[in-house]
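To be precise, the following lines are query_5.txt, and they hold compact mmCIF, C-alpha atoms.
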```
# COMPACT_ATOMS: atom_id res chain seq x y z
CA MET A 600 13.27 -47.59 95.05
CA PRO A 601 17.08 -47.79 95.41
CA LYS A 602 18.71 -45.48 97.98
CA TRP A 603 20.35 -43.32 95.37
CA PHE A 604 17.07 -42.60 93.58
CA ASN A 605 15.78 -39.64 95.62
CA PRO A 606 19.10 -37.73 95.75
CA ALA A 607 19.57 -38.38 92.04
CA ALA A 608 16.03 -37.16 91.30
CA ILE A 609 16.68 -33.95 93.30
CA LEU A 610 20.00 -33.47 91.49
CA CYS A 611 18.30 -34.00 88.12
CA GLY A 612 15.59 -31.47 89.00
CA LEU A 613 18.23 -28.92 90.06
CA MET A 614 20.17 -29.48 86.85
CA PHE A 615 17.06 -28.77 84.77
CA VAL A 616 16.41 -25.63 86.85
CA VAL A 617 19.99 -24.41 86.40
CA SER A 618 20.32 -25.38 82.73
CA PRO A 619 18.24 -22.44 81.33
CA VAL A 620 20.52 -20.04 83.23
CA LEU A 621 23.64 -21.60 81.72
CA ILE A 622 22.04 -21.67 78.28
CA ALA A 623 21.00 -18.01 78.58
CA ARG A 624 24.54 -17.02 79.55
CA ALA A 625 26.09 -18.93 76.63
CA PRO A 626 27.07 -16.65 73.72
CA ASP A 627 24.69 -16.24 70.77
CA GLU A 628 25.56 -17.98 67.52
CA SER A 629 26.75 -15.57 64.83
CA ALA A 630 24.21 -16.49 62.13
CA MET A 631 21.09 -17.43 64.12
CA GLY A 632 21.42 -15.35 67.26
CA MET A 633 19.52 -16.65 70.27
CA VAL A 634 17.28 -19.13 68.44
CA TYR A 635 20.11 -21.66 68.09
CA LYS A 636 19.88 -22.27 71.86
CA ILE A 637 17.18 -24.88 71.34
CA TYR A 638 20.22 -26.95 70.36
CA TYR A 639 21.14 -27.34 74.06
CA TYR A 640 18.02 -29.43 74.59
CA HIS A 641 17.74 -30.87 71.09
CA MET A 642 21.13 -32.56 70.97
CA PRO A 643 21.00 -34.21 74.44
CA SER A 644 17.49 -35.51 73.78
CA ALA A 645 18.71 -36.78 70.39
CA TRP A 646 21.57 -38.64 72.08
CA MET A 647 19.14 -40.24 74.52
CA PHE A 648 16.97 -41.06 71.50
CA LEU A 649 19.98 -42.98 70.10
CA LEU A 650 20.84 -44.57 73.43
CA ALA A 651 17.31 -45.88 74.15
CA PRO A 652 16.95 -48.17 71.08
CA LEU A 653 20.47 -49.51 71.72
CA VAL A 654 19.48 -50.43 75.28
CA CYS A 655 16.21 -51.84 73.96
CA GLY A 656 17.95 -53.90 71.25
CA PHE A 657 20.72 -55.16 73.54
CA SER A 658 18.22 -56.12 76.27
CA SER A 659 16.02 -57.83 73.67
CA ALA A 660 18.99 -59.83 72.37
CA LEU A 661 19.74 -60.92 75.94
CA PHE A 662 16.07 -61.79 76.44
CA LEU A 663 16.04 -63.93 73.30
CA MET A 664 19.23 -65.70 74.40
CA ARG A 665 18.53 -66.15 78.15
CA GLY A 666 14.75 -65.73 78.42
CA ARG A 667 14.97 -63.70 81.63
CA ALA A 668 12.02 -61.43 82.38
CA GLU A 669 14.19 -58.54 83.63
CA ASP A 670 15.82 -58.22 80.20
CA ASP A 671 12.38 -58.00 78.64
CA ARG A 672 11.27 -55.38 81.14
CA ARG A 673 14.38 -53.30 80.45
CA ALA A 674 13.73 -53.54 76.72
CA TRP A 675 10.13 -52.41 77.17
CA ALA A 676 11.16 -49.47 79.35
CA ALA A 677 13.82 -48.48 76.81
CA ALA A 678 11.26 -48.65 73.98
CA GLU A 679 9.04 -46.20 75.86
CA LEU A 680 12.03 -43.90 76.34
CA THR A 681 12.77 -44.21 72.60
CA VAL A 682 9.32 -42.83 71.88
CA LEU A 683 9.61 -40.12 74.56
CA PHE A 684 13.06 -38.82 73.62
CA GLY A 685 12.25 -39.31 69.93
CA ALA A 686 9.25 -37.00 70.36
CA LEU A 687 11.44 -34.40 72.10
CA THR A 688 14.04 -34.64 69.33
CA LEU A 689 11.51 -34.46 66.54
CA LEU A 690 9.79 -31.47 68.18
CA THR A 691 12.87 -29.43 69.02
CA GLY A 692 14.60 -30.19 65.70
CA PRO A 693 12.00 -28.49 63.48
CA LEU A 694 11.94 -25.45 65.82
CA TRP A 695 15.66 -25.07 65.11
CA ALA A 696 15.28 -25.96 61.42
CA ARG A 697 12.60 -23.32 60.82
CA ARG A 698 15.08 -20.62 61.71
CA ALA A 699 18.28 -22.25 60.43
CA TRP A 700 17.01 -23.71 57.15
CA GLY A 701 13.81 -21.72 56.60
CA THR A 702 11.69 -24.89 56.68
CA TRP A 703 10.23 -27.12 59.38
CA TRP A 704 11.25 -30.38 57.79
CA VAL A 705 13.34 -31.79 54.93
CA TRP A 706 13.44 -35.41 53.82
CA ASP A 707 17.18 -35.82 54.23
CA ALA A 708 18.92 -38.95 55.52
CA ARG A 709 19.27 -37.83 59.18
CA LEU A 710 15.70 -36.66 59.63
CA THR A 711 14.19 -39.57 57.72
CA SER A 712 16.20 -42.23 59.57
CA SER A 713 15.34 -40.56 62.89
CA LEU A 714 11.65 -40.63 62.03
CA VAL A 715 12.01 -44.31 61.05
CA GLY A 716 13.66 -45.03 64.42
CA TRP A 717 10.82 -43.30 66.23
CA MET A 718 8.25 -45.28 64.22
CA ILE A 719 10.01 -48.55 65.08
CA GLY A 720 9.73 -47.54 68.76
CA TRP A 721 6.00 -47.03 68.29
CA ALA A 722 5.70 -50.33 66.40
CA TYR A 723 7.35 -52.09 69.37
CA LEU A 724 4.89 -50.54 71.83
CA ILE A 725 1.87 -51.25 69.62
CA LEU A 726 2.97 -54.88 69.36
CA ARG A 727 3.35 -55.12 73.15
CA ARG A 728 -0.06 -53.54 73.69
CA TYR A 729 -2.10 -55.42 71.07
CA GLY A 730 0.01 -58.49 70.24
CA GLY A 731 -1.44 -60.68 73.00
CA PRO A 732 0.38 -63.61 74.60
CA GLY A 733 3.87 -64.21 73.26
CA SER A 734 4.31 -60.65 72.03
CA ASP A 735 7.39 -60.25 74.27
CA LYS A 736 9.55 -62.38 71.99
CA LEU A 737 8.08 -60.91 68.83
CA ALA A 738 8.71 -57.39 70.08
CA ALA A 739 12.29 -58.40 70.91
CA GLY A 740 12.73 -59.29 67.24
CA VAL A 741 11.46 -55.83 66.22
CA ALA A 742 13.77 -54.18 68.77
CA LEU A 743 16.83 -55.71 67.09
CA PHE A 744 15.93 -53.97 63.84
CA GLY A 745 15.42 -50.72 65.76
CA ALA A 746 18.93 -51.01 67.24
CA VAL A 747 20.45 -51.66 63.81
CA ASN A 748 18.94 -48.37 62.65
CA VAL A 749 20.90 -46.38 65.27
CA PRO A 750 24.36 -46.46 63.61
CA PHE A 751 22.60 -45.55 60.37
CA ILE A 752 21.07 -42.44 62.00
CA TYR A 753 24.44 -41.47 63.48
CA ILE A 754 26.56 -41.81 60.32
CA SER A 755 23.86 -40.55 57.94
CA VAL A 756 25.01 -36.93 58.19
CA ASN A 757 28.56 -37.87 57.24
CA TYR A 758 27.69 -39.99 54.17
CA TRP A 759 24.81 -38.08 52.59
CA ARG A 760 24.65 -34.54 51.39
CA THR A 761 22.39 -33.02 54.02
CA ILE A 762 21.84 -29.64 55.61
CA HIS A 763 21.83 -31.17 59.09
CA PRO A 764 25.07 -30.33 60.98
CA PRO A 765 27.58 -33.24 60.92
CA THR A 766 28.77 -35.17 63.98
CA THR A 767 32.00 -33.14 64.05
CA VAL A 768 30.23 -30.01 65.38
CA VAL A 769 30.28 -30.94 69.08
CA PRO A 770 34.07 -31.43 69.51
CA ARG A 771 34.69 -28.08 67.80
CA LEU A 772 32.45 -26.02 70.09
CA PRO A 773 34.20 -23.35 72.18
CA VAL A 774 34.19 -23.90 75.97
CA SER A 775 31.55 -21.20 76.50
CA MET A 776 29.12 -23.23 74.37
CA GLY A 777 30.45 -26.71 75.16
CA LEU A 778 30.08 -26.39 78.92
CA PRO A 779 26.29 -25.76 78.97
CA LEU A 780 25.89 -28.43 76.31
CA TRP A 781 27.66 -31.15 78.32
CA PHE A 782 25.78 -29.99 81.44
CA CYS A 783 22.50 -30.59 79.58
CA VAL A 784 23.77 -33.93 78.27
CA PHE A 785 24.40 -35.14 81.83
CA ALA A 786 21.01 -33.76 82.96
CA PHE A 787 19.27 -35.71 80.18
CA LEU A 788 21.34 -38.82 80.91
CA LEU A 789 20.37 -38.65 84.56
CA LEU A 790 16.72 -38.18 83.54
CA PHE A 791 17.06 -41.22 81.27
CA VAL A 792 18.45 -43.38 84.10
CA LEU A 793 15.79 -42.16 86.55
CA LEU A 794 12.90 -42.78 84.17
CA MET A 795 14.29 -46.19 83.31
CA THR A 796 14.61 -47.08 86.99
CA MET A 797 11.08 -45.90 87.74
CA ARG A 798 9.65 -47.83 84.82
CA LEU A 799 11.53 -51.00 85.76
CA ARG A 800 10.38 -50.65 89.34
CA LEU A 801 6.76 -50.25 88.20
CA GLU A 802 6.95 -53.30 85.96
CA HIS A 803 8.61 -55.34 88.72
CA ALA A 804 5.81 -54.37 91.14
CA ARG A 805 3.21 -55.28 88.52
CA THR A 806 4.77 -58.71 88.01
CA ARG A 807 4.82 -59.33 91.77
CA LEU A 808 1.18 -58.25 92.05
CA ASP A 809 0.19 -60.63 89.23
CA ALA A 810 2.04 -63.44 91.00
CA LEU A 811 0.20 -62.64 94.25
CA TYR A 812 -3.18 -62.69 92.46
CA VAL A 813 -2.32 -66.09 90.98
CA ALA A 814 -1.23 -67.36 94.41
CA LEU A 815 -4.46 -66.06 95.96
CA ASP A 816 -6.58 -67.82 93.33
CA GLU A 817 -4.78 -71.09 93.93
CA MET B 1244 12.35 -100.30 40.93
CA THR B 1245 13.47 -97.13 39.19
CA THR B 1246 14.71 -93.99 40.83
CA GLY B 1247 14.70 -91.89 37.66
CA ALA B 1248 11.56 -89.91 38.62
CA VAL B 1249 12.86 -88.92 42.06
CA PRO B 1250 14.56 -85.49 41.97
CA ARG B 1251 18.06 -85.33 43.37
CA LEU B 1252 18.01 -83.58 46.73
CA PRO B 1253 20.81 -81.26 47.85
CA SER B 1254 23.42 -83.08 49.89
CA THR B 1255 23.55 -80.96 53.09
CA PRO B 1256 20.62 -81.01 55.58
CA PHE B 1257 20.35 -77.22 55.44
CA ALA B 1258 20.12 -77.03 51.65
CA ARG B 1259 17.80 -80.03 51.56
CA THR B 1260 15.40 -78.40 54.03
CA VAL B 1261 15.48 -75.11 52.12
CA TRP B 1262 14.72 -76.92 48.88
CA MET B 1263 11.89 -78.99 50.38
CA VAL B 1264 10.19 -75.99 52.02
CA LEU B 1265 10.55 -73.97 48.82
CA ARG B 1266 9.29 -76.83 46.65
CA LYS B 1267 6.34 -77.38 48.99
CA ASP B 1268 5.35 -73.70 48.81
CA LEU B 1269 5.76 -73.52 45.06
CA THR B 1270 3.82 -76.77 44.53
CA VAL B 1271 0.91 -75.51 46.66
CA GLU B 1272 0.98 -72.23 44.78
CA MET B 1273 1.19 -73.87 41.34
CA ARG B 1274 -1.88 -75.93 42.14
CA SER B 1275 -4.01 -73.16 43.63
CA GLY B 1276 -2.47 -69.97 42.20
CA GLU B 1277 -4.30 -68.17 45.01
CA ILE B 1278 -1.56 -65.90 46.34
CA ALA B 1279 0.10 -65.26 42.99
CA TYR B 1280 -3.12 -64.19 41.27
CA THR B 1281 -4.50 -62.12 44.15
CA THR B 1282 -1.15 -60.40 44.77
CA LEU B 1283 -0.71 -59.65 41.09
CA PHE B 1284 -4.26 -58.37 40.72
CA PHE B 1285 -3.88 -56.17 43.79
CA ALA B 1286 -0.52 -54.76 42.60
CA VAL B 1287 -1.85 -54.06 39.11
CA SER B 1288 -4.93 -52.37 40.62
CA CYS B 1289 -2.64 -50.15 42.72
CA VAL B 1290 -0.63 -49.10 39.67
CA LEU B 1291 -3.79 -48.44 37.66
CA ILE B 1292 -5.27 -46.27 40.44
CA PHE B 1293 -2.04 -44.24 40.57
CA ALA B 1294 -2.10 -43.96 36.78
CA PHE B 1295 -5.73 -42.73 36.80
CA ALA B 1296 -4.92 -40.22 39.51
CA LEU B 1297 -1.56 -38.91 38.35
CA VAL B 1298 -1.23 -39.26 34.57
CA LYS B 1299 -2.81 -36.19 32.97
CA GLU B 1300 -3.10 -35.84 29.19
CA GLY B 1301 -0.62 -38.67 28.70
CA ARG B 1302 2.03 -37.05 30.90
CA ALA B 1303 3.19 -38.68 34.10
CA PRO B 1304 4.61 -36.62 36.99
CA ASP B 1305 8.41 -36.43 37.01
CA GLY B 1306 10.00 -39.12 39.15
CA GLY B 1307 6.63 -40.63 40.07
CA ALA B 1308 7.13 -44.00 38.37
CA ALA B 1309 9.81 -45.28 40.75
CA GLY B 1310 7.78 -44.42 43.85
CA ILE B 1311 4.59 -45.93 42.46
CA LEU B 1312 6.39 -49.11 41.42
CA TRP B 1313 7.77 -49.71 44.89
CA ILE B 1314 4.59 -48.69 46.71
CA ALA B 1315 2.69 -51.24 44.64
CA ILE B 1316 5.31 -53.92 45.37
CA LEU B 1317 5.29 -53.08 49.09
CA PHE B 1318 1.49 -53.25 49.34
CA ALA B 1319 1.39 -56.45 47.31
CA SER B 1320 4.11 -58.03 49.45
CA THR B 1321 2.09 -57.33 52.61
CA LEU B 1322 -0.83 -59.21 51.08
CA ALA B 1323 1.35 -62.11 49.95
CA LEU B 1324 3.19 -62.40 53.28
CA GLY B 1325 0.02 -62.40 55.33
CA ARG B 1326 -1.68 -64.97 53.13
CA THR B 1327 1.35 -67.29 52.89
CA PHE B 1328 1.57 -67.68 56.64
CA GLU B 1329 -2.21 -67.72 57.14
CA ARG B 1330 -2.20 -70.87 55.01
CA GLU B 1331 0.44 -72.37 57.32
CA ARG B 1332 -1.64 -71.46 60.36
CA GLN B 1333 -4.92 -72.91 59.12
CA ALA B 1334 -3.37 -76.27 58.31
CA GLU B 1335 -1.04 -76.21 61.36
CA THR B 1336 1.78 -76.95 58.95
CA LEU B 1337 4.03 -74.33 60.53
CA ARG B 1338 3.89 -76.26 63.79
CA ALA B 1339 4.80 -79.42 61.88
CA LEU B 1340 7.68 -77.61 60.20
CA LEU B 1341 8.96 -76.29 63.52
CA LEU B 1342 8.67 -79.72 65.14
CA ALA B 1343 10.67 -81.33 62.35
CA PRO B 1344 14.30 -82.12 63.28
CA VAL B 1345 15.73 -79.67 60.76
CA PRO B 1346 17.67 -76.42 61.16
CA ARG B 1347 15.18 -73.61 61.85
CA PRO B 1348 17.08 -71.04 59.75
CA ALA B 1349 16.66 -73.40 56.79
CA ILE B 1350 12.88 -73.17 57.19
CA TYR B 1351 13.19 -69.38 57.16
CA VAL B 1352 15.36 -69.40 54.02
CA GLY B 1353 12.91 -71.75 52.28
CA LYS B 1354 9.97 -69.48 53.09
CA LEU B 1355 12.00 -66.41 52.12
CA LEU B 1356 12.83 -67.87 48.71
CA GLY B 1357 9.16 -68.72 48.19
CA ILE B 1358 8.12 -65.11 48.94
CA ILE B 1359 10.89 -63.78 46.67
CA ALA B 1360 9.66 -66.06 43.86
CA LEU B 1361 6.09 -64.76 44.32
CA LEU B 1362 7.19 -61.12 44.33
CA ALA B 1363 9.45 -61.73 41.32
CA ALA B 1364 6.46 -63.12 39.41
CA ALA B 1365 4.47 -59.97 40.26
CA GLU B 1366 7.40 -57.72 39.30
CA VAL B 1367 7.70 -59.36 35.87
CA VAL B 1368 4.24 -57.94 35.13
CA LEU B 1369 4.51 -54.70 37.12
CA LEU B 1370 7.74 -53.41 35.58
CA PRO B 1371 6.50 -53.33 31.96
CA LEU B 1372 3.14 -51.99 33.16
CA VAL B 1373 4.72 -49.04 35.02
CA ASP B 1374 7.10 -48.49 32.10
CA PHE B 1375 4.12 -48.30 29.72
CA LEU B 1376 1.65 -46.29 31.84
CA PHE B 1377 4.16 -43.74 33.11
CA THR B 1378 6.36 -43.62 29.96
CA ALA B 1379 9.26 -44.21 32.31
CA ARG B 1380 11.97 -45.90 30.19
CA LEU B 1381 12.59 -48.37 33.00
CA PHE B 1382 14.41 -50.80 30.71
CA ALA B 1383 17.00 -48.34 29.40
CA HIS B 1384 19.62 -49.96 31.68
CA PRO B 1385 18.31 -53.50 32.23
CA ALA B 1386 21.30 -54.92 34.16
CA TRP B 1387 21.17 -52.13 36.73
CA LEU B 1388 17.38 -52.39 36.93
CA ILE B 1389 17.61 -56.11 37.68
CA GLY B 1390 20.25 -55.41 40.36
CA ILE B 1391 18.09 -52.79 42.08
CA VAL B 1392 14.88 -54.83 41.84
CA VAL B 1393 16.51 -58.06 43.08
CA THR B 1394 18.30 -56.46 46.05
CA CYS B 1395 15.30 -54.36 47.08
CA THR B 1396 13.00 -57.38 46.85
CA ILE B 1397 15.37 -59.48 48.99
CA GLY B 1398 15.56 -56.74 51.66
CA LEU B 1399 11.78 -56.34 51.73
CA ALA B 1400 11.13 -60.09 51.78
CA ALA B 1401 13.82 -60.81 54.41
CA VAL B 1402 12.11 -58.61 57.02
CA GLY B 1403 8.60 -59.43 55.81
CA THR B 1404 9.09 -63.20 56.04
CA LEU B 1405 10.45 -62.94 59.57
CA PHE B 1406 7.67 -60.65 60.81
CA ALA B 1407 4.89 -62.62 59.09
CA ALA B 1408 6.23 -65.84 60.64
CA MET B 1409 6.49 -64.19 64.06
CA LEU B 1410 2.94 -62.88 63.90
CA VAL B 1411 1.33 -66.07 62.70
CA ARG B 1412 0.19 -67.00 66.23
CA THR B 1413 -0.83 -63.45 67.14
CA ARG B 1414 -4.50 -62.55 67.20
CA SER B 1415 -4.19 -59.16 65.41
CA ARG B 1416 -1.67 -60.37 62.81
CA ASP B 1417 -3.36 -58.74 59.78
CA MET B 1418 -3.29 -55.35 61.49
CA LEU B 1419 0.16 -55.72 63.03
CA LEU B 1420 2.08 -56.92 59.98
CA PRO B 1421 2.08 -53.55 58.15
CA VAL B 1422 2.53 -51.69 61.47
CA LEU B 1423 5.76 -53.60 62.13
CA LEU B 1424 6.93 -54.10 58.57
CA TYR B 1425 6.66 -50.62 57.08
CA PRO B 1426 8.85 -48.67 59.54
CA VAL B 1427 11.62 -51.27 59.30
CA VAL B 1428 11.60 -51.57 55.50
CA VAL B 1429 11.26 -47.85 54.82
CA PRO B 1430 15.07 -47.50 54.35
CA VAL B 1431 15.03 -50.37 51.83
CA ILE B 1432 12.12 -48.87 49.93
CA ILE B 1433 13.75 -45.43 49.93
CA ALA B 1434 16.96 -46.93 48.52
CA GLY B 1435 14.93 -48.86 45.92
CA VAL B 1436 12.99 -45.75 44.88
CA GLN B 1437 16.14 -43.61 44.71
CA GLY B 1438 18.04 -46.27 42.76
CA THR B 1439 15.16 -46.73 40.31
CA SER B 1440 14.76 -42.94 39.98
CA ALA B 1441 18.46 -42.65 39.17
CA LEU B 1442 17.94 -45.14 36.33
CA LEU B 1443 15.19 -42.96 34.87
CA GLN B 1444 17.23 -39.76 34.74
CA PRO B 1445 18.04 -38.46 31.24
CA ALA B 1446 21.67 -38.02 32.32
CA PHE B 1447 22.38 -41.53 33.64
CA ASP B 1448 24.93 -41.36 36.46
CA VAL B 1449 26.35 -44.83 37.11
CA ALA B 1450 28.00 -43.73 40.40
CA VAL B 1451 24.62 -42.77 41.89
CA VAL B 1452 23.00 -46.06 40.88
CA ARG B 1453 25.99 -48.01 42.19
CA PHE B 1454 25.74 -46.17 45.52
CA TRP B 1455 22.08 -47.09 46.03
CA LEU B 1456 22.74 -50.65 44.86
CA LEU B 1457 25.57 -51.05 47.38
CA LEU B 1458 23.35 -49.62 50.11
CA LEU B 1459 20.65 -52.15 49.21
CA VAL B 1460 23.21 -54.98 49.32
CA THR B 1461 24.26 -53.75 52.79
CA PHE B 1462 20.64 -53.72 53.96
CA ASP B 1463 20.14 -57.23 52.54
CA VAL B 1464 23.17 -58.64 54.35
CA VAL B 1465 22.25 -57.00 57.67
CA PHE B 1466 18.56 -57.91 57.48
CA VAL B 1467 19.08 -61.52 56.36
CA VAL B 1468 21.73 -62.19 59.03
CA LEU B 1469 19.57 -60.58 61.73
CA ALA B 1470 16.46 -62.42 60.56
CA LEU B 1471 18.27 -65.79 60.46
CA TRP B 1472 19.35 -65.35 64.07
CA THR B 1473 16.01 -63.90 65.23
CA PHE B 1474 13.88 -66.57 63.52
CA GLU B 1475 15.50 -69.32 65.57
CA ALA B 1476 14.95 -67.39 68.80
CA VAL B 1477 11.39 -66.10 68.30
CA MET B 1478 10.00 -69.35 66.89
CA SER B 1479 11.30 -71.46 69.75
CA ASP B 1480 7.97 -71.79 71.65
```
How does this structure look as C-alpha cells?
Amino acid sequence: MPKWFNPAAILCGLMFVVSPVLIARAPDESAMGMVYKIYYYHMPSAWMFLLAPLVCGFSSALFLMRGRAEDDRRAWAAAELTVLFGALTLLTGPLWARRAWGTWWVWDARLTSSLVGWMIGWAYLILRRYGGPGSDKLAAGVALFGAVNVPFIYISVNYWRTIHPPTTVVPRLPVSMGLPLWFCVFAFLLLFVLLMTMRLRLEHARTRLDALYVALDE
Amino acid sequence: MTTGAVPRLPSTPFARTVWMVLRKDLTVEMRSGEIAYTTLFFAVSCVLIFAFALVKEGRAPDGGAAGILWIAILFASTLALGRTFERERQAETLRALLLAPVPRPAIYVGKLLGIIALLAAAEVVLLPLVDFLFTARLFAHPAWLIGIVVTCTIGLAAVGTLFAAMLVRTRSRDMLLPVLLYPVVVPVIIAGVQGTSALLQPAFDVAVVRFWLLLLVTFDVVFVVLALWTFEAVMSD
C-alpha cells in the first residue's frame, strides 16, 4: 500500500464518525424537519455514483487506445464502485422521497437514468465475470456507454419536469447546511479514493500471483 | 464481354465496403429468409400475447399500444441480432471480414444497415397489427410516426449491432446480449415509447413529439459515433 494510505484511511474513518454530529447539529429543513438529513449522505454518494462511471469510461477509453492493463484494472475497480455508490444512492433516495414526495419511487428522468446507470454498472461486472477470455475489451465498450449516460443523469433534472430537486440547490444552501454537506462530500470522496486504491492493489497482486504461477509451471 | 449486368459500386472504399457487406447480408437473407421470418413471427407472437392479456371486451388499456409496440421490437431485435452474428461465427465469415483490407467502421455500418433493414421489415407488419389490435390510431400522423420509428430503430440497432459483434466470440453470448443491450438502450426505448404515445393522444401536441424526436436524434448521433469508434477498437484482436 502507498505510504499515505493508512493516515488517509484513519482520516476517512474519523470523518465518518464526526459527520453524524455535524449533520445532527445542522438546522432542520422547514417542510420536512429532521428527515431531510438523509440528504447529507444521499447527495455525496450520488456524486460518487456519477464520478465512478466517468472514471470507468475514461479508463476504458485509454485501455482501448493503449492496451495497458492498469487502465483496465482502474476501469474494473471504478465499475465496482459504480455499483456500490449506485446502491447507496438508490437506497437513500427513496428514504428521502417517501417523506418528501409521499412515494418511494417515481419514474421521472433523474431516477430512471440513475437506475439505468446502475444497471450498466452491473452489466459491466456480469460481462467481466461470465464473458470469458477477451471480455476486458468488450466490457470497455460497455463502459463508454455508461460514461455517456452520466451527463444525461446530471442535466435530466434541469430539462424534464420532475419532482427531484434541480442541480441549483447546492449552491443556494446556507452555510449551516452547506458546511456539513461539503464535509460529507470530502468524506465520500476520500472513501472513493481509498476503495479504488485497495481494489487496484488487490488486482495488481492477483496479476503478479498469476504471473508467478505461470513462471513456476514453466 | 459486357459489363451491363455488373452493378455499379460506390466510388469510395468506405461506401463500397458498406454496400458489399449490406448486399451480402441481404442476399443471404433473401435466399434463406431465416432471420426475417423468425423475427417477424416472434414479434407478432409477442404482440398477440399482449393483446390476449390486455385487451378486454375490445378495449385496450390507455397508452399501452406504444409500450407494447416497442417491447415487441426490442425483443425481436435481440433475436435478429444474435442470429445475424451467429451466422457469421459458424461460417467464420466475420474473421474473413475483419481480415479484409477495408475500413473496420465500414463493416460496422454495413451490418448496422442490414439489421435496420430487417427491423424495418418487421415494423412494416407490426405497426398495422398494433394499430388494429389496440385500436391505437397509430397512422393519424404518418410523417411523425415514421420519424419516431426510424430514429428509435437506428438507436436500438446502433448499440445492438456493436454489442452483438463484440459478443460473437464470447461463450455466453446468447445470455449476455440482452444483459448488456437492454440497460444501454432503455433511454432510446423510453423516448420511442413516449414519442409514440404522444402521437396517440387525442390532443396532438407537436412540440412534445418534436422534443422526443430530437432526443432520439441526439441518442442516434451519440450512439453511432461511439459505436463506430468502439467497433474498431474492440474488434482488433
Residue hits in chain A, query chain B, radius 8 Å, only C-alpha atoms, as a list in words: Leu663, Met664, Ser712, Val715, Gly716, Met718, Ile719, Ala722, Tyr723, Leu726, Tyr729, Gly730, Gly731, Pro732, Gly733, Ser734, Lys736, Leu737, Gly740, Val741, Leu743, Phe744 and Gly745 of chain A
Can you work out which one of A:Ala786, A:Leu801, A:Leu613, A:Leu794 has the shortest atom-to-atom distance to A:Tyr639, counting all atoms listed in the file? A:Ala786
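Compared by their closest atoms to B:Ile1311, and using only C-alpha atoms, the residues B:Leu1457, B:Ala1343, B:Cys1395, B:Leu1376 rank with B:Leu1376 nearest.
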Atom CA of B:Leu1442 to atom CA of B:Val1464: how many Å, to one decimal?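 Those two atoms sit 23.1 Å apart.
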In Å, with one decimal, what is the gap from atom CA of A:Phe684 to atom CA of A:Leu789?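 Between atom CA of A:Phe684 and atom CA of A:Leu789 the gap works out to 13.2 Å.
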Atom CA of B:Ile1397 and atom CA of B:Val1287, how far apart in Å?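 So the answer is 20.6 Å.
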So that I can check the surroundings of B:Ala1286, please list as a ChimeraX atom specification every protein, DNA and RNA residue that reaches within 8 Å of it, counting all atoms listed in the file and ignoring chain neighbours fewer than 3 positions away. /B:1282-1283,1289-1290,1315-1316,1318-1319,1365,1369
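Distance check against A:Thr766 using all atoms listed in the file: of A:Leu661, A:Met642, A:Ala696, A:Leu710, the minimum falls on A:Met642.
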List as a list in words the protein and nucleic acid residues near A:Pro779, meaning an atom at most 8 Å away when only C-alpha atoms are counted, but skip any in the same chain fewer than 4 places from it.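 Close residues of A:Pro779: Ser618, Leu621, Ile622, Ala625, Tyr639, Ser775 and Cys783 of chain A.
Among the candidates B:Phe1285, B:Phe1293, B:Phe1462, B:Trp1262, the residue lying nearest to B:Leu1399 is B:Phe1462 (atoms considered: only C-alpha atoms).
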Residues near B:Trp1455, cut-off 12 Å, all atoms listed in the file, skip fewer than 6 positions along chain, as a list in words: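 So the residues in contact are Trp759 of chain A; Trp1387, Leu1388, Gly1390, Ile1391, Val1392, Thr1394, Cys1395, Pro1430, Val1431, Ile1432, Ile1433, Ala1434, Gly1435, Val1436, Gln1437, Gly1438, Thr1439, Ser1440, Ala1441, Leu1442, Asp1448, Val1449, Thr1461 and Phe1462 of chain B.
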For A:Leu650, work out the shell of residues within 9 Å, counting all atoms listed in the file and skipping chain neighbours fewer than 6 positions away, then give it as a list in words.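 So the residues in contact are Ala677, Thr681 and Val749 of chain A.
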Option closest in space to B:Leu1370, from B:Leu1340, B:Val1393, B:Leu1312, B:Ala1323 [counting only C-alpha atoms]: B:Leu1312
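Proximity of A:Val634, A:Leu790, A:Ala814, A:Leu778 to A:Phe604, computed with all atoms listed in the file, is greatest for A:Leu790.
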